[in-house]
Every structure is written in structure tokens, then in C-alpha cells.
>>> print(open('structure.txt').read())   # compact mmCIF, C-alpha atoms
# COMPACT_ATOMS: atom_id res chain seq x y z
CA MET A 1 26.46 -44.52 -71.33
CA ARG A 2 28.19 -43.82 -68.01
CA GLU A 3 29.58 -40.38 -67.17
CA ILE A 4 33.35 -39.93 -67.18
CA MET A 5 34.96 -38.73 -63.98
CA SER A 6 38.06 -36.56 -64.53
CA ILE A 7 40.73 -36.52 -61.82
CA VAL A 8 43.37 -33.77 -61.89
CA VAL A 9 46.62 -34.25 -59.95
CA PRO A 10 49.47 -31.69 -59.73
CA VAL A 11 52.92 -33.24 -59.50
CA PHE A 12 56.11 -31.65 -58.17
CA ASN A 13 59.13 -33.78 -57.18
CA ARG A 14 57.09 -36.80 -56.18
CA GLU A 15 59.08 -39.63 -57.77
CA LYS A 16 58.81 -41.68 -54.54
CA TRP A 17 55.04 -41.21 -54.18
CA ILE A 18 53.45 -41.00 -57.62
CA GLU A 19 53.13 -44.70 -58.37
CA LYS A 20 51.27 -45.44 -55.14
CA MET A 21 48.83 -42.61 -55.84
CA PHE A 22 48.48 -43.63 -59.50
CA LEU A 23 47.69 -47.25 -58.69
CA SER A 24 45.06 -46.17 -56.16
CA VAL A 25 43.31 -44.30 -58.98
CA ARG A 26 43.69 -47.24 -61.36
CA GLU A 27 42.12 -49.53 -58.74
CA GLN A 28 38.91 -47.50 -58.56
CA THR A 29 35.83 -49.65 -59.01
CA TYR A 30 34.28 -47.00 -61.27
CA ARG A 31 34.83 -46.63 -65.01
CA PRO A 32 35.31 -44.66 -67.21
CA LEU A 33 38.03 -42.49 -65.65
CA ARG A 34 40.33 -39.83 -67.03
CA LEU A 35 43.42 -39.09 -64.95
CA ILE A 36 45.20 -35.82 -65.77
CA LEU A 37 48.72 -35.55 -64.32
CA VAL A 38 50.28 -32.09 -64.47
CA ASP A 39 54.00 -31.86 -63.79
CA ASN A 40 54.83 -28.49 -62.23
CA GLY A 41 58.51 -28.21 -63.19
CA SER A 42 59.83 -31.21 -61.25
CA THR A 43 63.61 -31.48 -60.95
CA ASP A 44 63.56 -35.20 -60.15
CA SER A 45 62.27 -38.06 -62.33
CA SER A 46 58.58 -37.36 -61.63
CA LEU A 47 57.74 -36.47 -65.24
CA SER A 48 59.34 -39.62 -66.66
CA VAL A 49 57.57 -41.72 -64.02
CA CYS A 50 54.25 -40.21 -65.12
CA HIS A 51 54.95 -41.09 -68.77
CA ARG A 52 55.97 -44.63 -67.80
CA LEU A 53 52.80 -45.19 -65.79
CA LYS A 54 50.69 -43.91 -68.68
CA SER A 55 52.34 -46.29 -71.13
CA GLU A 56 52.00 -49.27 -68.77
CA TYR A 57 48.45 -48.84 -67.50
CA GLU A 58 46.34 -46.75 -69.88
CA THR A 59 43.27 -48.53 -71.29
CA ASP A 60 40.17 -47.55 -73.22
CA ASP A 61 38.22 -46.84 -70.02
CA PHE A 62 41.16 -45.49 -68.03
CA THR A 63 42.80 -42.71 -70.00
CA VAL A 64 45.85 -40.86 -68.74
CA ASP A 65 47.08 -37.43 -69.85
CA VAL A 66 50.50 -36.12 -68.83
CA LEU A 67 50.79 -32.33 -69.07
CA GLN A 68 53.32 -29.74 -67.98
CA GLU A 69 52.80 -26.35 -66.33
CA LEU A 70 55.95 -24.31 -65.74
CA LYS A 71 54.27 -21.55 -63.72
CA ARG A 72 55.06 -22.51 -60.15
CA GLY A 73 52.31 -23.44 -57.72
CA ALA A 74 49.92 -26.35 -57.34
CA ASN A 75 46.98 -24.15 -58.31
CA ALA A 76 48.55 -23.23 -61.65
CA ALA A 77 49.03 -26.93 -62.32
CA ARG A 78 45.46 -27.71 -61.23
CA ASN A 79 44.06 -25.04 -63.52
CA LYS A 80 46.16 -26.33 -66.43
CA GLY A 81 44.68 -29.79 -65.94
CA PHE A 82 41.20 -28.36 -65.37
CA SER A 83 41.40 -26.48 -68.69
CA GLU A 84 41.45 -29.89 -70.41
CA VAL A 85 38.41 -31.27 -68.57
CA LYS A 86 35.37 -31.94 -70.74
CA SER A 87 33.39 -34.17 -68.36
CA ARG A 88 30.36 -33.04 -66.35
CA TYR A 89 32.15 -33.71 -63.04
CA VAL A 90 35.72 -33.30 -61.86
CA MET A 91 37.75 -34.01 -58.75
CA PHE A 92 41.26 -33.13 -57.65
CA PHE A 93 43.81 -35.15 -55.75
CA ASP A 94 47.38 -34.83 -54.46
CA SER A 95 50.31 -36.84 -55.76
CA ASP A 96 51.41 -38.21 -52.36
CA ASP A 97 48.06 -39.56 -51.09
CA VAL A 98 45.95 -42.65 -51.74
CA LEU A 99 42.40 -42.76 -53.06
CA LEU A 100 40.32 -45.55 -51.51
CA PRO A 101 38.85 -48.01 -54.08
CA MET A 102 35.13 -47.12 -53.85
CA THR A 103 35.54 -43.33 -53.77
CA VAL A 104 34.67 -42.44 -57.37
CA SER A 105 31.78 -44.95 -57.36
CA LEU A 106 30.40 -43.27 -54.24
CA TYR A 107 30.70 -39.83 -55.80
CA MET A 108 28.98 -40.88 -59.00
CA LYS A 109 26.19 -42.70 -57.18
CA GLU A 110 25.34 -39.47 -55.34
CA PHE A 111 25.47 -37.39 -58.51
CA ASN A 112 23.35 -39.90 -60.43
CA ASP A 113 20.79 -40.27 -57.63
CA ASN A 114 20.31 -36.50 -57.48
CA ARG A 115 21.14 -34.77 -60.74
CA GLU A 116 20.77 -31.32 -59.16
CA LEU A 117 23.79 -31.73 -56.90
CA ASP A 118 26.75 -29.45 -57.53
CA ILE A 119 29.13 -30.95 -54.96
CA VAL A 120 29.53 -34.34 -53.30
CA ALA A 121 31.83 -34.46 -50.27
CA GLY A 122 32.86 -36.67 -47.36
CA PHE A 123 35.70 -37.32 -44.94
CA VAL A 124 39.25 -38.69 -45.13
CA ARG A 125 41.78 -40.44 -42.91
CA PHE A 126 45.12 -38.88 -41.97
CA VAL A 127 48.04 -41.32 -41.77
CA THR A 128 50.86 -40.34 -39.41
CA GLY A 129 54.52 -41.31 -39.75
CA ASP A 130 54.06 -44.26 -37.39
CA GLY A 131 51.03 -45.56 -39.31
CA GLN A 132 48.20 -44.27 -37.11
CA ARG A 133 44.99 -43.41 -38.96
CA LEU A 134 43.05 -40.39 -37.69
CA PHE A 135 39.70 -39.29 -39.08
CA SER A 136 39.22 -35.74 -40.35
CA LYS A 137 36.86 -33.28 -38.70
CA THR A 138 33.53 -33.49 -40.48
CA SER A 139 30.29 -31.54 -40.15
CA PHE A 140 27.28 -32.04 -42.38
CA LYS A 141 25.37 -29.00 -41.08
CA ASP A 142 25.71 -25.40 -42.27
CA PRO A 143 28.38 -26.11 -44.92
CA LEU A 144 29.69 -22.56 -45.36
CA LYS A 145 30.24 -22.06 -41.63
CA SER A 146 31.82 -25.51 -41.38
CA GLN A 147 34.11 -24.79 -44.32
CA ILE A 148 35.35 -21.58 -42.73
CA LEU A 149 35.92 -23.15 -39.32
CA TYR A 150 36.93 -26.72 -40.19
CA GLY A 151 37.83 -26.84 -43.90
CA ILE A 152 35.40 -29.62 -44.79
CA LEU A 153 36.08 -29.28 -48.54
CA GLY A 154 39.74 -30.26 -48.56
CA THR A 155 41.26 -31.08 -51.96
CA GLN A 156 40.86 -34.83 -51.48
CA ARG A 157 37.35 -34.64 -49.99
CA PHE A 158 34.99 -33.60 -52.77
CA ALA A 159 33.96 -33.81 -56.41
CA VAL A 160 32.28 -30.89 -58.14
CA ARG A 161 30.22 -30.05 -61.19
CA THR A 162 32.65 -28.71 -63.79
CA GLU A 163 30.31 -25.88 -64.77
CA LEU A 164 30.19 -24.55 -61.18
CA LEU A 165 33.96 -24.62 -60.77
CA ARG A 166 34.41 -22.74 -64.04
CA SER A 167 31.84 -20.16 -62.97
CA VAL A 168 33.84 -19.26 -59.81
CA GLY A 169 37.10 -18.95 -61.76
CA GLY A 170 38.78 -22.22 -60.80
CA TRP A 171 41.69 -22.27 -58.36
CA SER A 172 43.27 -18.97 -57.32
CA GLU A 173 46.83 -19.06 -58.67
CA GLU A 174 48.11 -16.30 -56.37
CA LEU A 175 47.51 -18.48 -53.30
CA MET A 176 50.22 -20.88 -52.12
CA ARG A 177 48.60 -22.06 -48.87
CA TRP A 178 45.01 -22.85 -47.89
CA GLN A 179 44.07 -22.95 -51.56
CA ASP A 180 41.36 -25.56 -51.09
CA TRP A 181 39.96 -23.70 -48.07
CA ASN A 182 39.60 -20.58 -50.21
CA LEU A 183 38.09 -22.51 -53.12
CA GLY A 184 35.64 -24.31 -50.83
CA VAL A 185 34.34 -21.01 -49.47
CA ARG A 186 33.96 -19.56 -52.96
CA LEU A 187 32.06 -22.64 -54.14
CA LEU A 188 29.73 -22.55 -51.13
CA LEU A 189 29.02 -18.86 -51.70
CA ASN A 190 27.49 -20.00 -54.99
CA THR A 191 25.65 -23.22 -54.19
CA SER A 192 23.93 -25.09 -51.36
CA ARG A 193 23.29 -28.21 -53.45
CA ILE A 194 25.63 -30.64 -51.68
CA GLY A 195 25.46 -34.39 -51.20
CA TRP A 196 27.33 -36.09 -48.35
CA ILE A 197 29.10 -39.44 -48.14
CA LYS A 198 28.83 -40.12 -44.42
CA LYS A 199 29.92 -43.73 -43.89
CA ASN A 200 33.00 -44.31 -46.03
CA PRO A 201 36.36 -42.49 -45.86
CA LEU A 202 37.43 -41.26 -49.29
CA ALA A 203 41.22 -41.19 -49.07
CA ASP A 204 44.30 -41.69 -46.92
CA ILE A 205 46.23 -38.45 -46.49
CA TYR A 206 49.87 -38.97 -45.55
CA LEU A 207 51.34 -36.50 -43.07
CA HIS A 208 55.02 -35.89 -43.82
CA GLU A 209 57.40 -32.95 -44.05
CA ASP A 210 57.35 -32.88 -47.85
CA SER A 211 53.55 -32.81 -48.23
CA ILE A 212 52.03 -29.95 -50.24
CA SER A 213 50.37 -28.47 -47.17
CA GLY A 214 53.41 -28.94 -44.94
CA VAL A 215 53.45 -29.52 -41.19
CA ASN A 216 54.22 -25.98 -39.96
CA TYR A 217 52.05 -22.85 -40.15
CA SER A 218 54.26 -19.96 -39.08
CA SER A 219 56.77 -20.49 -41.89
CA SER A 220 53.91 -19.76 -44.32
CA SER A 221 52.21 -16.99 -42.33
CA LYS A 222 52.27 -14.48 -45.20
CA ASP A 223 50.75 -17.00 -47.62
CA ILE A 224 48.04 -17.94 -45.11
CA THR A 225 47.27 -14.26 -44.48
CA LEU A 226 46.83 -13.70 -48.22
CA SER A 227 44.38 -16.59 -48.40
CA LEU A 228 42.45 -15.21 -45.43
CA ASP A 229 42.38 -11.76 -47.06
CA ARG A 230 41.12 -13.02 -50.41
CA THR A 231 38.49 -15.23 -48.79
CA PHE A 232 37.25 -12.37 -46.62
CA GLU A 233 36.94 -10.24 -49.75
CA ALA A 234 35.01 -12.97 -51.55
CA VAL A 235 32.53 -13.18 -48.68
CA MET A 236 32.03 -9.42 -48.48
CA GLU A 237 31.60 -9.10 -52.26
CA SER A 238 29.02 -11.91 -52.37
CA ASN A 239 25.25 -11.66 -52.21
CA ILE A 240 24.76 -14.17 -49.40
CA PRO A 241 22.56 -13.17 -46.46
CA ASN A 242 24.27 -12.37 -43.16
CA LYS A 243 27.68 -11.94 -44.77
CA CYS A 244 28.94 -10.06 -41.70
CA TYR A 245 28.49 -13.23 -39.64
CA PHE A 246 30.74 -15.20 -41.98
CA ALA A 247 33.24 -12.33 -42.01
CA LYS A 248 33.43 -12.59 -38.20
CA LEU A 249 34.20 -16.30 -38.53
CA ILE A 250 37.11 -15.50 -40.84
CA SER A 251 38.36 -12.90 -38.34
CA PHE A 252 38.17 -15.59 -35.67
CA LYS A 253 40.27 -17.79 -37.95
CA ARG A 254 42.85 -14.99 -38.14
CA ILE A 255 43.12 -14.67 -34.36
CA VAL A 256 43.49 -18.43 -33.96
CA MET A 257 46.30 -18.49 -36.52
CA ALA A 258 48.01 -15.64 -34.66
CA GLY A 259 47.90 -17.81 -31.54
CA ILE A 260 49.28 -20.84 -33.39
CA TYR A 261 52.15 -18.76 -34.81
CA SER A 262 52.98 -17.70 -31.24
CA TYR A 263 52.77 -21.33 -30.11
CA GLU A 264 55.32 -22.18 -32.81
CA GLY A 265 57.64 -19.46 -31.49
CA CYS A 266 57.09 -16.96 -34.30
CA ASP A 267 57.01 -13.24 -33.45
CA ASP A 268 54.47 -12.66 -36.24
CA GLY A 269 51.82 -14.11 -33.91
CA LYS A 270 51.91 -11.27 -31.37
CA VAL A 271 52.14 -8.62 -34.10
CA LEU A 272 49.14 -10.03 -35.93
CA TYR A 273 47.19 -10.39 -32.67
CA ARG A 274 47.66 -6.70 -31.82
CA GLU A 275 46.66 -5.63 -35.34
CA ILE A 276 43.44 -7.65 -35.23
CA ILE A 277 42.40 -6.72 -31.69
CA LYS A 278 42.73 -2.95 -32.21
CA ASP A 279 40.20 -3.09 -35.08
CA VAL A 280 37.50 -5.07 -33.21
CA PRO A 281 34.86 -2.57 -31.99
CA ASP A 282 32.60 -5.11 -30.27
CA ILE A 283 33.67 -5.66 -26.63
CA TYR A 284 32.07 -9.11 -26.49
CA LEU A 285 33.84 -10.23 -29.69
CA LYS A 286 37.13 -8.72 -28.52
CA SER A 287 36.94 -10.75 -25.30
CA LEU A 288 36.27 -13.94 -27.26
CA PHE A 289 39.22 -13.21 -29.54
CA ARG A 290 41.55 -12.61 -26.60
CA ILE A 291 40.56 -15.90 -24.98
CA SER A 292 40.91 -17.78 -28.28
CA TYR A 293 44.34 -16.30 -28.95
CA ARG A 294 45.61 -17.28 -25.51
CA LEU A 295 44.29 -20.82 -25.81
CA ALA A 296 45.82 -21.26 -29.28
CA SER A 297 49.17 -19.77 -28.20
CA VAL A 298 49.43 -22.26 -25.31
CA THR A 299 48.07 -25.40 -26.97
CA GLY A 300 48.60 -24.91 -30.71
CA ARG A 301 44.96 -25.84 -31.29
CA GLY A 302 42.15 -23.89 -32.91
CA PHE A 303 39.17 -24.33 -30.56
CA SER A 304 36.80 -23.56 -33.44
CA PHE A 305 33.87 -24.72 -31.32
CA LEU A 306 34.14 -21.38 -29.47
CA ALA A 307 33.21 -19.56 -32.66
CA ASP A 308 30.52 -22.15 -33.29
CA TRP A 309 29.01 -21.47 -29.87
CA PHE A 310 29.51 -17.75 -29.32
CA ILE A 311 29.67 -15.86 -32.61
CA ARG A 312 26.29 -14.76 -33.95
>>> encode(input="structure.txt", output="C-alpha cells")
Amino acid sequence: MREIMSIVVPVFNREKWIEKMFLSVREQTYRPLRLILVDNGSTDSSLSVCHRLKSEYETDDFTVDVLQELKRGANAARNKGFSEVKSRYVMFFDSDDVLLPMTVSLYMKEFNDNRELDIVAGFVRFVTGDGQRLFSKTSFKDPLKSQILYGILGTQRFAVRTELLRSVGGWSEELMRWQDWNLGVRLLLNTSRIGWIKKNPLADIYLHEDSISGVNYSSSSKDITLSLDRTFEAVMESNIPNKCYFAKLISFKRIVMAGIYSYEGCDDGKVLYREIIKDVPDIYLKSLFRISYRLASVTGRGFSFLADWFIR
């Protein structure tokens, strides 16, 4: 008997997007599937759309649950859906994106070919407002470093063993930005058993102003700082070797974000930059941080390859 794949999707005011996402899940070549939709206090017709889709499309091998979570935040909704998961594997998705038809089949093939895997991950395509498709940054080497620098375990880019996700405490409900970045680091602090899907994109991620992640960083600087803080703490409290190296990478991430805030015209950037620099004792690292900040403040880009090359 084939394993069920559970897919959890938080929903908040997505009446215009839900059906497209829903049908992309329904069109998966893999069965059986369980789709868990969790309305997070929508004020539009999202909840009724979810119920309509369930009544129209649910079958014996494609079950749909519609739940509600009134505590605000996508992570609270994800955890509510996750609490109902009974399958060996689970994946998460966003209500305004599209899952490509072979994705779940590709995940399950990897899990079935190697039963020791805890995570299977790959890459996605970003779709701009004018229809351009851009491929996500992907690295298949040194997953923890790559997660810190590039965020290779985005919400739409991996499936995970349910037992592992429960063991790390699920999604952090206090975080409102970079939730998947934080979760990816915490997962990789606890496993290195990862399989990669290298040839096929897994999803189309639509870039628009109403997306969960948004299109601006400085307006969420406090939320991003909290995620950076909690992730730094998770690294330092872990038992992984060379934890100070990974802590330096997170500090690099901080300095880059300070530069991007400045690029976006936010005064928080310069304030954060000065706070970080004064606490860096290593002259070599301080010089790298200064260069990285200046580059990010002029271009709005991260230049993570500098950390890849120069931080040891």
C-alpha cells in the first residue's frame, strides 16, 4: 500500500488565488494525497472557497480537510494543520503558488528509494508580474551553510519526515518573517540525511505585493531580526561541530540585511550596522563585514558568495 503524502497550506485572504493552488495539488500524478487547508481568520471569502473546493473535488484518494486557526500568523496555521498529520511524510505549501504536477511523485520516489532520508528538497521557479520565470538559488553541497546563506529549504522546496519535524518543535509561532529559513536551519542541525531533486523544478512561486513573504525587507526589519536572533540561539545551543563558524555566517546575514535596509532608505540599516560592527573583535571579519554592508547598501544584493569564500 502506497504512503500518503500530507500537504498543509495556510490560508489568509486568498480568495483570488486558492483555486489555482488547489487545482495544482489535485493534478499531482501521485496518490494518495491529503490536503489540509487552514484558514487563518480570513475576512474575505477564502474559507467558503475552501469548503466549496472540498465538496467539488474530494475523492477517496484525494482527501481534503478544512480547518480554522484564529491565532494570527502563518506558522500558527501550519502547526494547526501539522497537528492533524498522521502520515510518515509531510510537506507545506503557500496558498498563492502552484505545485508542478510531478512534485509529490518525485518526493516519494526519493523517500522510497532511500528509506533513511529525513528530507527531500529541490529548486523552484519564481514568476514575476510580467510572466518571467527565474530559477531559485540552489546548492547541493554543505546544506547547513547553504541554508544559512541562500535559504535552500524554502517552504515550497522540501518534504520532511513527520517524526523529525515534530522532534524540533514544528514551526516557531513567534516568527512572522523568515519562518522557513529558521525551520530549515533547525532541521539541518538535527539531520544530514537529505535527498536532492536536481533536474525538475518543484513549484512556481508568484512574486506580488500580497505574497506571504512580501517584496520589501525594511518594513519587516524587527521581524527579520527576531528570526535571526532565534536562529543564532538555536545554532549556539546545538551540539554540531564548529558551531562558531555557522554563527559567523548568521552574523554575516545580519550585516547584509543592514545594508539592504539602507538601500531601501530605512534608517534602521545604519543603526544595525553600527551595533554589529562594534561587537566584532576580529579585524579580518570586521573588514569583510564593512565591505559587505557597503555593497548591499548600494546594490540591494546579498553577495553571499563573499561569506562562502572568506569566512572560515
>>> atom_distance(input="structure.txt", atom1="CA of Leu149 in chain A", atom2="CA of Phe252 in chain A")
8.7 Å
>>> residues_around(input="structure.txt", residues="range 246-249 of chain A", least_positions_apart="2", cutoff="12 Å", atoms="only C-alpha atoms", output="ChimeraX atom specification")
/A:142-150,185,188-189,228-238,240-244,251-256,276,280-282,285-286,288-289,304-312
>>> atom_distance(input="structure.txt", atom1="CA of Arg161 in chain A", atom2="CA of Leu117 in chain A")
7.9 Å
>>> atom_distance(input="structure.txt", atom1="CA of Thr29 in chain A", atom2="CA of Cys50 in chain A")
21.6 Å
>>> residues_near_point(input="structure.txt", point="(29.4, -35.6, -41.8)", cutoff="7 Å", atoms="all atoms listed in the file", output="list in words")
Gly122, Thr138, Ser139, Phe140, Trp196 and Lys198 of chain A
>>> closest_residue(input="structure.txt", among="A:Arg26, A:Lys137, A:Arg115, A:Arg157", to="Arg193 in chain A", atoms="all atoms listed in the file")
A:Arg115
>>> closest_residue(input="structure.txt", among="A:Asn200, A:Arg88, A:Leu67, A:Ser218", to="Leu164 in chain A", atoms="all atoms listed in the file")
A:Arg88
